[in-house]
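Visitor: Here it is, the structure in full.
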Amino acid sequence: LEKDEDYRNLPVIGNFKGLRDGLAIIKLWPFLTLLVGFVCMKKRIYSYKDYQGKELAPYSKKWRITGVFIIILSFLFVLNNWPFLKFKFDSYHGDLGSFPYQNFINYVEKKGGLTFWAHPEAEYILNLKFGKVSFETRAHPHLLLETKNYTGFSIFYEGYKIVGKPGGVWDKILTGYCKGEREKPIWAIAGLAFDNKGDLAAAIRKLQTIILVPYLTKEAVLNSLRKGRVYVKKGKDSFDFSLIDFSVSDGLGKKGIIGDTVKVETRPLIHLQGQFLNNQQRVEIKVIKEGKVIKDYKEVETPFNLSFYGEAPVSKTYYRVEIKSKGIHLVTNPIFVY
């Protein structure tokens, strides 16, 4: 997000500004009982007025005690009902499903921001030693299917076994996009799960999000993230590996790279090129189309330069690539073809 005000208005639990949905008239009811309390305070034992009309009868002690009780109780309810607003949701009315997350996504999208599901397969369960208090976050890959119009998800770490694997949740979403069931595709990035222990520099060397940009500006980086011009890699040797090219072309001048959508007039030519900067090693290369591995090159020596022809597309489809060895696991975002 670009503006600090946009962050202050994020629609999350605990942020009144972000979740307010107009004035809740019903929450003003304590003011009525407060008025009743003041009326009780003015009650007298009987009515007796002088010739000028001034009330001389003593106040009723019982009514005064009742009035004080009502006023105190009403004041407590005033504090409880503050700030007298309706909220889109809260944490006290059962399982809201995917609504809070979709609401968050819609807000960020409206403000021109990017949203990524972080570590969708991770679980965090904390049982405290006092009472029955516990914190629990279950794995939630299903929410990627239940929400829409977010930018992507972190495939590494905790996003590959269910979501990112060939034929997993990610491929279901991409295939749904190709069929017109979704307005947008989603993209994979790397998300560093690093707290306050360990070597940060070493952790960064083992996990990278490679963003393909025409020039080094903030706008170019954000635009590439938005359009999926990204591939991710992890492992002890990942920092030394470079994917020089992954592209789809038709031999007639039309070519698409990672994140692109390209219309081909002939059978698409898929090209792959990569190498290690230092010690070369053999890798396995998988080409995935609509969740199925259509090419599985095993024991490929590096540097490599591979090409093959795919089938002429009948409708929109996509290709994406995985590269593995003992020290690297690389995943590209798809190239769409029609």
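Chain labels A, B, ... are given in the sequence in which chains occur in the structure tokens; within each chain residues are numbered consecutively from 1, and ligands are likewise numbered from 1 in the order shown.
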Residues at most 12 Å from A:Phe239, counting only C-alpha atoms, excluding those fewer than 3 positions away in the same chain, as an MDAnalysis selection string?

Guide: chainID A and resid 201:210 232:236 242:243 275:279 327:330

Visitor: Would you save the residues of that selection, restricted to N, CA and C atoms, as a short mmCIF file (atom, residue, chain, number, x, y, z; two decimals), in the first residue's frame?

Guide:
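The resulting file, out13.cif, is shown below:
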```cif
data_model
loop_
_atom_site.label_atom_id
_atom_site.label_comp_id
_atom_site.auth_asym_id
_atom_site.auth_seq_id
_atom_site.Cartn_x
_atom_site.Cartn_y
_atom_site.Cartn_z
N ALA A 201 21.54 -13.81 7.35
CA ALA A 201 22.22 -13.79 6.05
C ALA A 201 22.22 -15.17 5.41
N ALA A 202 22.47 -16.21 6.22
CA ALA A 202 22.45 -17.57 5.70
C ALA A 202 21.05 -17.97 5.26
N ALA A 203 20.04 -17.55 6.03
CA ALA A 203 18.66 -17.88 5.67
C ALA A 203 18.27 -17.24 4.35
N ILE A 204 18.72 -16.01 4.12
CA ILE A 204 18.41 -15.32 2.87
C ILE A 204 19.10 -16.00 1.69
N ARG A 205 20.30 -16.49 1.89
CA ARG A 205 21.01 -17.17 0.81
C ARG A 205 20.31 -18.47 0.40
N LYS A 206 19.54 -19.04 1.31
CA LYS A 206 18.88 -20.31 1.03
C LYS A 206 17.46 -20.15 0.50
N LEU A 207 17.00 -18.93 0.36
CA LEU A 207 15.64 -18.70 -0.12
C LEU A 207 15.55 -17.36 -0.82
N GLN A 208 15.15 -17.39 -2.09
CA GLN A 208 15.07 -16.13 -2.84
C GLN A 208 13.81 -16.07 -3.69
N THR A 209 13.30 -14.87 -3.80
CA THR A 209 12.28 -14.55 -4.80
C THR A 209 12.97 -13.73 -5.88
N ILE A 210 13.08 -14.29 -7.07
CA ILE A 210 13.75 -13.61 -8.17
C ILE A 210 12.70 -12.86 -8.98
N VAL A 232 10.93 -18.61 -7.86
CA VAL A 232 11.44 -18.76 -6.50
C VAL A 232 12.36 -19.97 -6.43
N LYS A 233 13.30 -19.91 -5.50
CA LYS A 233 14.22 -21.04 -5.34
C LYS A 233 14.67 -21.11 -3.89
N LYS A 234 14.91 -22.34 -3.43
CA LYS A 234 15.40 -22.55 -2.08
C LYS A 234 16.46 -23.64 -2.09
N GLY A 235 17.23 -23.71 -1.01
CA GLY A 235 18.26 -24.73 -0.88
C GLY A 235 19.64 -24.12 -0.73
N LYS A 236 20.58 -24.93 -0.27
CA LYS A 236 21.93 -24.43 0.00
C LYS A 236 22.66 -23.97 -1.25
N SER A 242 21.18 -19.90 -11.71
CA SER A 242 20.51 -18.86 -12.48
C SER A 242 19.66 -19.50 -13.57
N LEU A 243 18.37 -19.19 -13.57
CA LEU A 243 17.49 -19.59 -14.66
C LEU A 243 17.58 -18.51 -15.72
N GLN A 275 21.96 -22.46 -15.42
CA GLN A 275 23.29 -22.92 -15.04
C GLN A 275 23.60 -22.53 -13.60
N PHE A 276 24.56 -23.22 -13.03
CA PHE A 276 25.13 -22.82 -11.74
C PHE A 276 26.30 -21.88 -12.01
N LEU A 277 26.48 -20.92 -11.16
CA LEU A 277 27.56 -19.95 -11.35
C LEU A 277 28.92 -20.56 -11.02
N ASN A 278 28.93 -21.54 -10.11
CA ASN A 278 30.20 -22.14 -9.70
C ASN A 278 30.21 -23.63 -10.04
N ASN A 279 29.98 -24.47 -9.07
CA ASN A 279 30.06 -25.91 -9.30
C ASN A 279 28.81 -26.41 -10.01
N GLY A 327 20.68 -29.64 -3.81
CA GLY A 327 20.85 -28.36 -3.12
C GLY A 327 19.96 -27.25 -3.62
N ILE A 328 18.95 -27.58 -4.44
CA ILE A 328 18.09 -26.52 -4.97
C ILE A 328 16.71 -27.07 -5.31
N HIS A 329 15.71 -26.25 -5.07
CA HIS A 329 14.35 -26.51 -5.54
C HIS A 329 13.83 -25.19 -6.09
N LEU A 330 13.60 -25.15 -7.38
CA LEU A 330 13.18 -23.93 -8.07
C LEU A 330 11.79 -24.14 -8.66
#
```

Visitor: Might you pull out every residue within 8 Å of stretch 54-63 of chain A, with only C-alpha atoms counted and same-chain residues fewer than 4 positions away left off, and present them as an mmCIF file with N, CA and C atoms, in the first residue's frame?

Guide:
```
data_model
loop_
_atom_site.group_PDB
_atom_site.id
_atom_site.type_symbol
_atom_site.label_atom_id
_atom_site.label_comp_id
_atom_site.auth_asym_id
_atom_site.auth_seq_id
_atom_site.Cartn_x
_atom_site.Cartn_y
_atom_site.Cartn_z
ATOM 1 N N CYS A 40 -35.988 8.603 38.229
ATOM 2 C CA CYS A 40 -36.151 7.969 39.550
ATOM 3 C C CYS A 40 -35.544 8.827 40.660
ATOM 4 N N MET A 41 -34.441 9.494 40.359
ATOM 5 C CA MET A 41 -33.773 10.326 41.365
ATOM 6 C C MET A 41 -34.655 11.496 41.805
ATOM 7 N N LYS A 42 -35.609 11.907 40.951
ATOM 8 C CA LYS A 42 -36.457 13.056 41.264
ATOM 9 C C LYS A 42 -37.788 12.662 41.911
ATOM 10 N N LYS A 43 -37.979 11.359 42.106
ATOM 11 C CA LYS A 43 -39.219 10.891 42.720
ATOM 12 C C LYS A 43 -39.294 11.314 44.202
ATOM 13 N N ARG A 44 -40.465 11.788 44.629
ATOM 14 C CA ARG A 44 -40.677 12.198 46.020
ATOM 15 C C ARG A 44 -41.668 11.247 46.707
ATOM 16 N N ILE A 45 -41.669 11.325 48.040
ATOM 17 C CA ILE A 45 -42.557 10.445 48.808
ATOM 18 C C ILE A 45 -44.023 10.780 48.512
ATOM 19 N N TYR A 46 -44.307 12.054 48.418
ATOM 20 C CA TYR A 46 -45.649 12.518 48.056
ATOM 21 C C TYR A 46 -45.475 13.880 47.397
ATOM 22 N N SER A 47 -46.530 14.432 46.913
ATOM 23 C CA SER A 47 -46.470 15.726 46.242
ATOM 24 C C SER A 47 -47.100 16.802 47.134
ATOM 25 N N TYR A 48 -46.311 17.872 47.441
ATOM 26 C CA TYR A 48 -46.808 19.004 48.225
ATOM 27 C C TYR A 48 -46.074 20.253 47.752
ATOM 28 N N LYS A 49 -46.855 21.255 47.300
ATOM 29 C CA LYS A 49 -46.270 22.473 46.762
ATOM 30 C C LYS A 49 -46.750 23.677 47.564
ATOM 31 N N ASP A 50 -45.879 24.698 47.627
ATOM 32 C CA ASP A 50 -46.276 25.936 48.288
ATOM 33 C C ASP A 50 -47.084 26.791 47.325
ATOM 34 N N GLY A 67 -32.669 4.755 41.446
ATOM 35 C CA GLY A 67 -32.125 5.612 40.395
ATOM 36 C C GLY A 67 -30.621 5.521 40.292
#
```

Visitor: How many Å lie between atom CA of A:Leu23 and atom CA of A:Pro11, rounded to one decimal?

Guide: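 About the pair atom CA of A:Leu23 and atom CA of A:Pro11: they are 16.8 Å apart.
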
Visitor: Using DSSP assignments from the backbone, pull out every residue in stretch 1-174 of chain A that falls under alpha helix (DSSP H) and give it to me as number ranges by chain.

Guide: A: 4-8, 16-19, 30-41, 61-81, 99-110, 142-146, 169-174

Visitor: Would you mind listing what lies within 10 Å of A:Glu284 as a PDB file with N, CA and C atoms, in the first residue's frame, with only C-alpha atoms counted and same-chain residues fewer than 6 positions away left out?

Guide:
```pdb
ATOM      1  N   ASP A 296       9.575 -34.755 -17.999  1.00  0.00           N
ATOM      2  CA  ASP A 296      10.364 -34.997 -16.793  1.00  0.00           C
ATOM      3  C   ASP A 296      11.774 -35.378 -17.221  1.00  0.00           C
ATOM      4  N   TYR A 297      12.649 -34.380 -17.255  1.00  0.00           N
ATOM      5  CA  TYR A 297      14.044 -34.605 -17.649  1.00  0.00           C
ATOM      6  C   TYR A 297      14.852 -34.927 -16.393  1.00  0.00           C
ATOM      7  N   LYS A 298      15.373 -36.117 -16.331  1.00  0.00           N
ATOM      8  CA  LYS A 298      16.147 -36.546 -15.164  1.00  0.00           C
ATOM      9  C   LYS A 298      17.641 -36.491 -15.464  1.00  0.00           C
ATOM     10  N   GLU A 299      18.418 -36.222 -14.440  1.00  0.00           N
ATOM     11  CA  GLU A 299      19.881 -36.226 -14.531  1.00  0.00           C
ATOM     12  C   GLU A 299      20.382 -35.321 -15.664  1.00  0.00           C
ATOM     13  N   VAL A 300      19.830 -34.117 -15.728  1.00  0.00           N
ATOM     14  CA  VAL A 300      20.248 -33.159 -16.756  1.00  0.00           C
ATOM     15  C   VAL A 300      21.525 -32.465 -16.301  1.00  0.00           C
ATOM     16  N   GLU A 301      22.534 -32.498 -17.139  1.00  0.00           N
ATOM     17  CA  GLU A 301      23.793 -31.835 -16.803  1.00  0.00           C
ATOM     18  C   GLU A 301      23.666 -30.329 -16.996  1.00  0.00           C
ATOM     19  N   GLU A 322       9.509 -26.803 -12.706  1.00  0.00           N
ATOM     20  CA  GLU A 322      10.205 -27.085 -11.451  1.00  0.00           C
ATOM     21  C   GLU A 322      11.576 -27.666 -11.766  1.00  0.00           C
ATOM     22  N   ILE A 323      12.573 -27.204 -11.033  1.00  0.00           N
ATOM     23  CA  ILE A 323      13.940 -27.723 -11.180  1.00  0.00           C
ATOM     24  C   ILE A 323      14.432 -28.140  -9.802  1.00  0.00           C
ATOM     25  N   LYS A 324      14.939 -29.378  -9.713  1.00  0.00           N
ATOM     26  CA  LYS A 324      15.395 -29.907  -8.429  1.00  0.00           C
ATOM     27  C   LYS A 324      16.766 -30.542  -8.549  1.00  0.00           C
ATOM     28  N   SER A 325      17.519 -30.415  -7.474  1.00  0.00           N
ATOM     29  CA  SER A 325      18.732 -31.205  -7.271  1.00  0.00           C
ATOM     30  C   SER A 325      18.897 -31.333  -5.758  1.00  0.00           C
ATOM     31  N   LYS A 326      20.009 -31.851  -5.305  1.00  0.00           N
ATOM     32  CA  LYS A 326      20.212 -32.020  -3.866  1.00  0.00           C
ATOM     33  C   LYS A 326      20.241 -30.684  -3.132  1.00  0.00           C
ATOM     34  N   HIS A 329      15.715 -26.254  -5.073  1.00  0.00           N
ATOM     35  CA  HIS A 329      14.352 -26.513  -5.539  1.00  0.00           C
ATOM     36  C   HIS A 329      13.834 -25.195  -6.087  1.00  0.00           C
TER      37      HIS A 329
END
```

Visitor: Pick from A:Tyr150, A:Tyr231, A:Phe336, A:Tyr309: nearest to A:Asp260, with only C-alpha atoms counted?

Guide: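 Nearest candidate to A:Asp260 out of A:Tyr150, A:Tyr231, A:Phe336, A:Tyr309: A:Phe336.
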
Visitor: Closest to A:Leu306 among A:Ile162, A:Val287, A:Leu222, A:Ala122, using only C-alpha atoms?

Guide: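 Smallest distance to A:Leu306 is found for A:Val287.
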
Visitor: Go through A:Ile173, A:Ile65, A:Ala312, A:Leu73 one by one, measure the shortest atom-to-atom distance of each to A:Asp250 using only C-alpha atoms, and give the residue with the smallest value.

Guide: A:Ala312

Visitor: Suppose you want the space between atom CA of A:Pro214 and atom CA of A:Gly228; what is it in Å?

Guide: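 Separation of atom CA of A:Pro214 and atom CA of A:Gly228: 13.8 Å.
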
Visitor: Between atom CA of A:Asn106 and atom CA of A:Glu123, what is the distance, to one decimal in Å?

Guide: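 For atom CA of A:Asn106 relative to atom CA of A:Glu123, the distance reads 25.1 Å.
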
Visitor: Using only C-alpha atoms, which of the listed residues (A:Lys263, A:Ile211, A:Lys27, A:Phe304) sits closest to A:Leu79?

Guide: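 Under the stated criterion, the closest residue is A:Lys27.
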
Visitor: Which is closest to A:Asn223 among A:Val133, A:Val262, A:Leu114, A:Leu252, if we use only C-alpha atoms?

Guide: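 Answer, going by the shortest atom-to-atom distance: A:Leu114.
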
Visitor: Would you mind listing what lies within 9 Å of A:Arg20 as an NGL selection string, with only C-alpha atoms counted and same-chain residues fewer than 6 positions away left out?

Guide: :A and (11 or 85-89)

Visitor: Using only C-alpha atoms, which of the listed residues (A:Glu2, A:Lys218, A:Gln280, A:Thr266) sits closest to A:Asp240?

Guide: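 With only C-alpha atoms as the atom set, the closest residue is A:Gln280.
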